[in-house]
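*Asks:* Please see the structure below; I have some questions.
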Amino acid sequence: MSIERHGTTRRYSDVVAHGDTVYLVEVPPSPDADIGGQTRDMLASVERLLIQAGSDKSRLLLATIYLRDMADYAGMNAVWDAWVPEGTAPARACIEARLADPEIRVEIAVIAARLPTR
Amino acid sequence: MSIERHGTTRRYSDVVAHGDTVYLVEVPPSPDADIGGQTRDMLASVERLLIQAGSDKSRLLLATIYLRDMADYAGMNAVWDAWVPEGTAPARACIEARLADPEIRVEIAVIAARLPTR
Amino acid sequence: MSIERHGTTRRYSDVVAHGDTVYLVEVPPSPDADIGGQTRDMLASVERLLIQAGSDKSRLLLATIYLRDMADYAGMNAVWDAWVPEGTAPARACIEARLADPEIRVEIAVIAARLPTR
């Protein structure tokens with residue numbers, strides 16, 4: 001069972017797939033946006049990475065969301081709730097944490113299932 | 001390989017199973033209890049969710065525990081150590097983090113193995 | 001599909017393997033070292049645990065790094081970047097968080113793939 005990686009640098013890969021499971025971590029590509037914009041852009045990027053690795057946003061298993069400031073909880077959730085296809089929400093944790101880049105307000109780690117036809 | 005979900009809302013599922021693996025995140029149902037009571041009630045809920053998804057508390061693989069205040073570390077551990085069946089403890093991380101609900105003192109993310117007979 | 005555990009105490013296991021997947025959490029064995037030394041010693045220990053469980057450091061899938069102080073980000077990364085075999089970096093999150101032991105500057109949770117020949 002081989003490991004498939006995309007966007008691999010010396011430090012990290014954008015997305016890694018192994019067997020039936022996909023792993024990814026993403027931050028917003030647009031650090032100057034507000035929490036709504038950062039979340040929207042981050043999730044659009046998550047969606048692309050999932051498809052690249054043979055999954056999609058209806059197949060999330062576990063999401064861990066890191067917020068720089070818990071005051072952004074409602075703003076992040078407004079975008080999240082609309083983004084997740086109804087009836088497919090994953091197990092989800094959301095905590096406040098200082099992130100590496102001070103402009104980044106949100107970061108997400110995702111474990112997802114690959115499409116069965118792959 | 002299909003995805004099984006329980007307790008699914010627009011935002012999250014209580015527990016998600018895929019193949020041989022179960023994913024869940026839980027908080028205490030009783031935010032007015034002390035750390036011992038919150039941990040006890042949370043772990044009782046984890047136990048129910050695991051069974052619902054075809055696993056049990058002797059099949060934990062990885063647990064991530066978030067504490068609002070690291071001063072609760074000993075109080076959480078006293079309950080945890082008694083709850084985990086001897087010889088079956090998972091890999092475990094425990095960090096301090098601000099959580100969404102300020103009354104909640106502890107939150108847990110769990111990856112577990114499904115029972116092989118399933 | 002049985003669960004394989006190593007270094008199991010009442011509270012945690014050093015490493016747990018299930019099917020094709022390995023889970024571990026590690027802290028530095030040497031809390032009096034600086035961030036470079038703590039990261040180096042921690043990753044050497046991760047390497048041993050991975051091999052013990054039938055994986056190796058070229059088969060990481062997802063790493064979550066907790067830093068006590070984000071000011072250690074560059075010092076941790078210098079060791080990390082040299083440690084990960086080129087072209088094999090996992091998905092990776094890194095956040096700041098208070099840890100249980102105040103002398104510990106870094107902690108890591110790893111999900112890795114077992115060697116296919118196992």
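So you can find residues: chains in the structure tokens are A, B, ... in the order shown, residues in each start at 1, and ligands are numbered from 1 in order.
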Would you write out, as JSON lines, a table of all residues in chain B that have an atom no more than 9 Å from an atom of chain A, listing for each the closest atom pair and the distance in Å to one decimal, considering only C-alpha atoms and ordering rows by chain and rising residue number?
*Replies:*
{"residue": "B:Met1", "atom": "CA", "partner": "A:Pro116", "partner_atom": "CA", "distance": 5.8}
{"residue": "B:Ser2", "atom": "CA", "partner": "A:Pro116", "partner_atom": "CA", "distance": 7.7}
{"residue": "B:Ile3", "atom": "CA", "partner": "A:Arg59", "partner_atom": "CA", "distance": 7.5}
{"residue": "B:Arg5", "atom": "CA", "partner": "A:Thr88", "partner_atom": "CA", "distance": 7.8}
{"residue": "B:Thr8", "atom": "CA", "partner": "A:Gly87", "partner_atom": "CA", "distance": 6.3}
{"residue": "B:Thr9", "atom": "CA", "partner": "A:Ala89", "partner_atom": "CA", "distance": 6.8}
{"residue": "B:Arg10", "atom": "CA", "partner": "A:Asp81", "partner_atom": "CA", "distance": 5.8}
{"residue": "B:Arg11", "atom": "CA", "partner": "A:Asp81", "partner_atom": "CA", "distance": 5.4}
{"residue": "B:Tyr12", "atom": "CA", "partner": "A:Ala89", "partner_atom": "CA", "distance": 4.6}
{"residue": "B:Ser13", "atom": "CA", "partner": "A:Ala91", "partner_atom": "CA", "distance": 4.9}
{"residue": "B:Asp14", "atom": "CA", "partner": "A:Ala91", "partner_atom": "CA", "distance": 5.9}
{"residue": "B:Val15", "atom": "CA", "partner": "A:Ala91", "partner_atom": "CA", "distance": 5.8}
{"residue": "B:Val16", "atom": "CA", "partner": "A:Leu61", "partner_atom": "CA", "distance": 6.1}
{"residue": "B:Ala17", "atom": "CA", "partner": "A:Leu61", "partner_atom": "CA", "distance": 7.6}
{"residue": "B:His18", "atom": "CA", "partner": "A:Ala113", "partner_atom": "CA", "distance": 7.3}
{"residue": "B:Gly19", "atom": "CA", "partner": "A:Asp20", "partner_atom": "CA", "distance": 8.3}
{"residue": "B:Val22", "atom": "CA", "partner": "A:Leu61", "partner_atom": "CA", "distance": 8.6}
{"residue": "B:Tyr23", "atom": "CA", "partner": "A:Leu62", "partner_atom": "CA", "distance": 6.2}
{"residue": "B:Leu24", "atom": "CA", "partner": "A:Ala91", "partner_atom": "CA", "distance": 5.2}
{"residue": "B:Val25", "atom": "CA", "partner": "A:Ala91", "partner_atom": "CA", "distance": 5.7}
{"residue": "B:Glu26", "atom": "CA", "partner": "A:Ala93", "partner_atom": "CA", "distance": 8.3}
{"residue": "B:Tyr66", "atom": "CA", "partner": "A:Ile95", "partner_atom": "CA", "distance": 8.1}
{"residue": "B:Ala97", "atom": "CA", "partner": "A:Glu96", "partner_atom": "CA", "distance": 6.0}
{"residue": "B:Arg98", "atom": "CA", "partner": "A:Glu96", "partner_atom": "CA", "distance": 5.1}
{"residue": "B:Leu99", "atom": "CA", "partner": "A:Ile95", "partner_atom": "CA", "distance": 5.0}
{"residue": "B:Ala100", "atom": "CA", "partner": "A:Met70", "partner_atom": "CA", "distance": 6.5}
{"residue": "B:Glu107", "atom": "CA", "partner": "A:Ala93", "partner_atom": "CA", "distance": 8.2}
{"residue": "B:Ile108", "atom": "CA", "partner": "A:Ala93", "partner_atom": "CA", "distance": 8.1}
{"residue": "B:Ala109", "atom": "CA", "partner": "A:Ala93", "partner_atom": "CA", "distance": 7.0}
*Asks:* Please produce a file of those selected residues containing N, CA and C atoms, as a PDB file, in the first residue's frame.
*Replies:*
ATOM      1  N   MET B   1     -16.292   1.118   0.535  1.00  0.00           N
ATOM      2  CA  MET B   1     -16.242   1.249   1.995  1.00  0.00           C
ATOM      3  C   MET B   1     -17.018   2.487   2.408  1.00  0.00           C
ATOM      4  N   SER B   2     -18.168   2.284   3.040  1.00  0.00           N
ATOM      5  CA  SER B   2     -19.031   3.425   3.315  1.00  0.00           C
ATOM      6  C   SER B   2     -18.679   4.080   4.658  1.00  0.00           C
ATOM      7  N   ILE B   3     -19.178   5.306   4.837  1.00  0.00           N
ATOM      8  CA  ILE B   3     -18.962   6.071   6.058  1.00  0.00           C
ATOM      9  C   ILE B   3     -20.226   5.982   6.901  1.00  0.00           C
ATOM     10  N   ARG B   5     -22.197   7.480  10.195  1.00  0.00           N
ATOM     11  CA  ARG B   5     -22.191   8.644  11.095  1.00  0.00           C
ATOM     12  C   ARG B   5     -23.342   8.536  12.093  1.00  0.00           C
ATOM     13  N   THR B   8     -25.451  13.394  13.687  1.00  0.00           N
ATOM     14  CA  THR B   8     -24.972  14.368  12.703  1.00  0.00           C
ATOM     15  C   THR B   8     -25.819  15.638  12.708  1.00  0.00           C
ATOM     16  N   THR B   9     -25.175  16.762  12.878  1.00  0.00           N
ATOM     17  CA  THR B   9     -25.811  18.077  12.749  1.00  0.00           C
ATOM     18  C   THR B   9     -25.207  18.753  11.511  1.00  0.00           C
ATOM     19  N   ARG B  10     -25.583  20.000  11.301  1.00  0.00           N
ATOM     20  CA  ARG B  10     -24.954  20.743  10.189  1.00  0.00           C
ATOM     21  C   ARG B  10     -23.463  20.955  10.432  1.00  0.00           C
ATOM     22  N   ARG B  11     -23.048  20.948  11.708  1.00  0.00           N
ATOM     23  CA  ARG B  11     -21.671  21.344  12.058  1.00  0.00           C
ATOM     24  C   ARG B  11     -20.732  20.174  12.284  1.00  0.00           C
ATOM     25  N   TYR B  12     -21.257  19.117  12.879  1.00  0.00           N
ATOM     26  CA  TYR B  12     -20.390  17.994  13.256  1.00  0.00           C
ATOM     27  C   TYR B  12     -21.225  16.738  13.438  1.00  0.00           C
ATOM     28  N   SER B  13     -20.536  15.602  13.462  1.00  0.00           N
ATOM     29  CA  SER B  13     -21.165  14.346  13.870  1.00  0.00           C
ATOM     30  C   SER B  13     -20.586  13.957  15.227  1.00  0.00           C
ATOM     31  N   ASP B  14     -21.375  13.267  16.032  1.00  0.00           N
ATOM     32  CA  ASP B  14     -20.862  12.796  17.322  1.00  0.00           C
ATOM     33  C   ASP B  14     -19.779  11.746  17.130  1.00  0.00           C
ATOM     34  N   VAL B  15     -19.991  10.864  16.161  1.00  0.00           N
ATOM     35  CA  VAL B  15     -19.006   9.810  15.904  1.00  0.00           C
ATOM     36  C   VAL B  15     -19.129   9.389  14.440  1.00  0.00           C
ATOM     37  N   VAL B  16     -17.978   9.109  13.837  1.00  0.00           N
ATOM     38  CA  VAL B  16     -17.910   8.715  12.428  1.00  0.00           C
ATOM     39  C   VAL B  16     -17.048   7.462  12.331  1.00  0.00           C
ATOM     40  N   ALA B  17     -17.528   6.470  11.592  1.00  0.00           N
ATOM     41  CA  ALA B  17     -16.730   5.260  11.392  1.00  0.00           C
ATOM     42  C   ALA B  17     -16.491   5.050   9.911  1.00  0.00           C
ATOM     43  N   HIS B  18     -15.300   4.589   9.603  1.00  0.00           N
ATOM     44  CA  HIS B  18     -14.928   4.306   8.203  1.00  0.00           C
ATOM     45  C   HIS B  18     -13.988   3.105   8.202  1.00  0.00           C
ATOM     46  N   GLY B  19     -14.395   2.052   7.539  1.00  0.00           N
ATOM     47  CA  GLY B  19     -13.563   0.852   7.533  1.00  0.00           C
ATOM     48  C   GLY B  19     -13.362   0.349   8.952  1.00  0.00           C
ATOM     49  N   VAL B  22     -12.659   4.424  13.874  1.00  0.00           N
ATOM     50  CA  VAL B  22     -13.726   5.266  14.419  1.00  0.00           C
ATOM     51  C   VAL B  22     -13.118   6.597  14.867  1.00  0.00           C
ATOM     52  N   TYR B  23     -13.823   7.689  14.593  1.00  0.00           N
ATOM     53  CA  TYR B  23     -13.370   9.032  14.956  1.00  0.00           C
ATOM     54  C   TYR B  23     -14.456   9.718  15.763  1.00  0.00           C
ATOM     55  N   LEU B  24     -14.078  10.330  16.875  1.00  0.00           N
ATOM     56  CA  LEU B  24     -15.086  11.085  17.634  1.00  0.00           C
ATOM     57  C   LEU B  24     -14.440  12.221  18.417  1.00  0.00           C
ATOM     58  N   VAL B  25     -15.254  13.235  18.693  1.00  0.00           N
ATOM     59  CA  VAL B  25     -14.862  14.339  19.561  1.00  0.00           C
ATOM     60  C   VAL B  25     -15.976  14.507  20.576  1.00  0.00           C
ATOM     61  N   GLU B  26     -15.606  14.653  21.843  1.00  0.00           N
ATOM     62  CA  GLU B  26     -16.652  14.804  22.864  1.00  0.00           C
ATOM     63  C   GLU B  26     -16.260  15.869  23.890  1.00  0.00           C
ATOM     64  N   TYR B  66      -7.811  18.139  25.398  1.00  0.00           N
ATOM     65  CA  TYR B  66      -7.649  19.580  25.520  1.00  0.00           C
ATOM     66  C   TYR B  66      -8.175  20.010  26.891  1.00  0.00           C
ATOM     67  N   ALA B  97      -5.723  24.453  26.129  1.00  0.00           N
ATOM     68  CA  ALA B  97      -6.261  25.277  25.049  1.00  0.00           C
ATOM     69  C   ALA B  97      -7.587  25.885  25.464  1.00  0.00           C
ATOM     70  N   ARG B  98      -7.811  27.111  25.038  1.00  0.00           N
ATOM     71  CA  ARG B  98      -9.114  27.737  25.225  1.00  0.00           C
ATOM     72  C   ARG B  98     -10.123  27.042  24.318  1.00  0.00           C
ATOM     73  N   LEU B  99     -11.277  26.700  24.892  1.00  0.00           N
ATOM     74  CA  LEU B  99     -12.303  25.964  24.144  1.00  0.00           C
ATOM     75  C   LEU B  99     -13.465  26.899  23.821  1.00  0.00           C
ATOM     76  N   ALA B 100     -14.370  26.430  22.964  1.00  0.00           N
ATOM     77  CA  ALA B 100     -15.448  27.301  22.492  1.00  0.00           C
ATOM     78  C   ALA B 100     -16.373  27.736  23.630  1.00  0.00           C
ATOM     79  N   GLU B 107     -11.964  18.610  26.726  1.00  0.00           N
ATOM     80  CA  GLU B 107     -12.524  18.114  25.468  1.00  0.00           C
ATOM     81  C   GLU B 107     -11.599  17.013  24.978  1.00  0.00           C
ATOM     82  N   ILE B 108     -12.149  16.025  24.275  1.00  0.00           N
ATOM     83  CA  ILE B 108     -11.306  14.914  23.824  1.00  0.00           C
ATOM     84  C   ILE B 108     -11.619  14.554  22.373  1.00  0.00           C
ATOM     85  N   ALA B 109     -10.559  14.298  21.617  1.00  0.00           N
ATOM     86  CA  ALA B 109     -10.692  13.733  20.267  1.00  0.00           C
ATOM     87  C   ALA B 109     -10.099  12.328  20.321  1.00  0.00           C
TER      88      ALA B 109
END
*Asks:* Give me every strand (DSSP E) residue in segment 41-105 of chain A, going by DSSP on the backbone, as a list in words.
*Replies:*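 These are the residues in question: Leu60, Leu61, Leu62, Ala63, Thr64, Ile65, Tyr66, Leu67, Ala91, Arg92, Ala93, Cys94, Ile95, Glu96, Arg98 and Leu99 of chain A.
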*Asks:* For the structure I just gave you, how does DSSP split segment 36-95 of chain A - specifically, which residues are alpha helix (DSSP H)? Reply as a short mmCIF file (atom, residue, chain, number, x, y, z; two decimals) with C-alpha atoms, in the first residue's frame.
*Replies:*
data_model
loop_
_atom_site.label_atom_id
_atom_site.label_comp_id
_atom_site.auth_asym_id
_atom_site.auth_seq_id
_atom_site.Cartn_x
_atom_site.Cartn_y
_atom_site.Cartn_z
CA GLY A 36 -15.10 34.84 6.92
CA GLY A 37 -12.81 35.36 3.96
CA GLN A 38 -9.94 33.39 5.47
CA THR A 39 -12.23 30.46 6.27
CA ARG A 40 -13.84 30.53 2.82
CA ASP A 41 -10.51 30.58 1.00
CA MET A 42 -9.04 27.91 3.27
CA LEU A 43 -12.00 25.58 2.74
CA ALA A 44 -11.92 26.14 -1.03
CA SER A 45 -8.31 25.04 -0.91
CA VAL A 46 -9.19 22.03 1.28
CA GLU A 47 -11.78 21.07 -1.34
CA ARG A 48 -9.20 21.14 -4.13
CA LEU A 49 -6.71 19.11 -2.12
CA LEU A 50 -9.31 16.49 -1.23
CA ILE A 51 -10.24 16.03 -4.89
CA GLN A 52 -6.57 15.85 -5.84
CA TYR A 73 -15.83 31.14 16.40
CA ALA A 74 -19.16 32.38 15.01
CA GLY A 75 -17.57 33.88 11.90
CA MET A 76 -15.73 30.65 11.11
CA ASN A 77 -18.82 28.53 11.79
CA ALA A 78 -21.04 30.57 9.47
CA VAL A 79 -18.77 29.61 6.58
CA TRP A 80 -18.15 26.04 7.79
CA ASP A 81 -21.85 25.25 8.27
CA ALA A 82 -22.65 26.35 4.72
CA TRP A 83 -19.63 24.54 3.23
#
*Asks:* So what do you get for atom CA of Ser55 of chain A versus atom CA of Ile104 of chain A, distance-wise?
*Replies:* 25.8 Å
*Asks:* Separation of atom CA of Gly7 of chain B and atom CA of Lys57 of chain A, in Å?
*Replies:* 18.4 Å
*Asks:* Can you tell me how far atom CA of Arg105 of chain A sits from atom CA of His6 of chain A, in Å to one decimal?
*Replies:* 24.3 Å
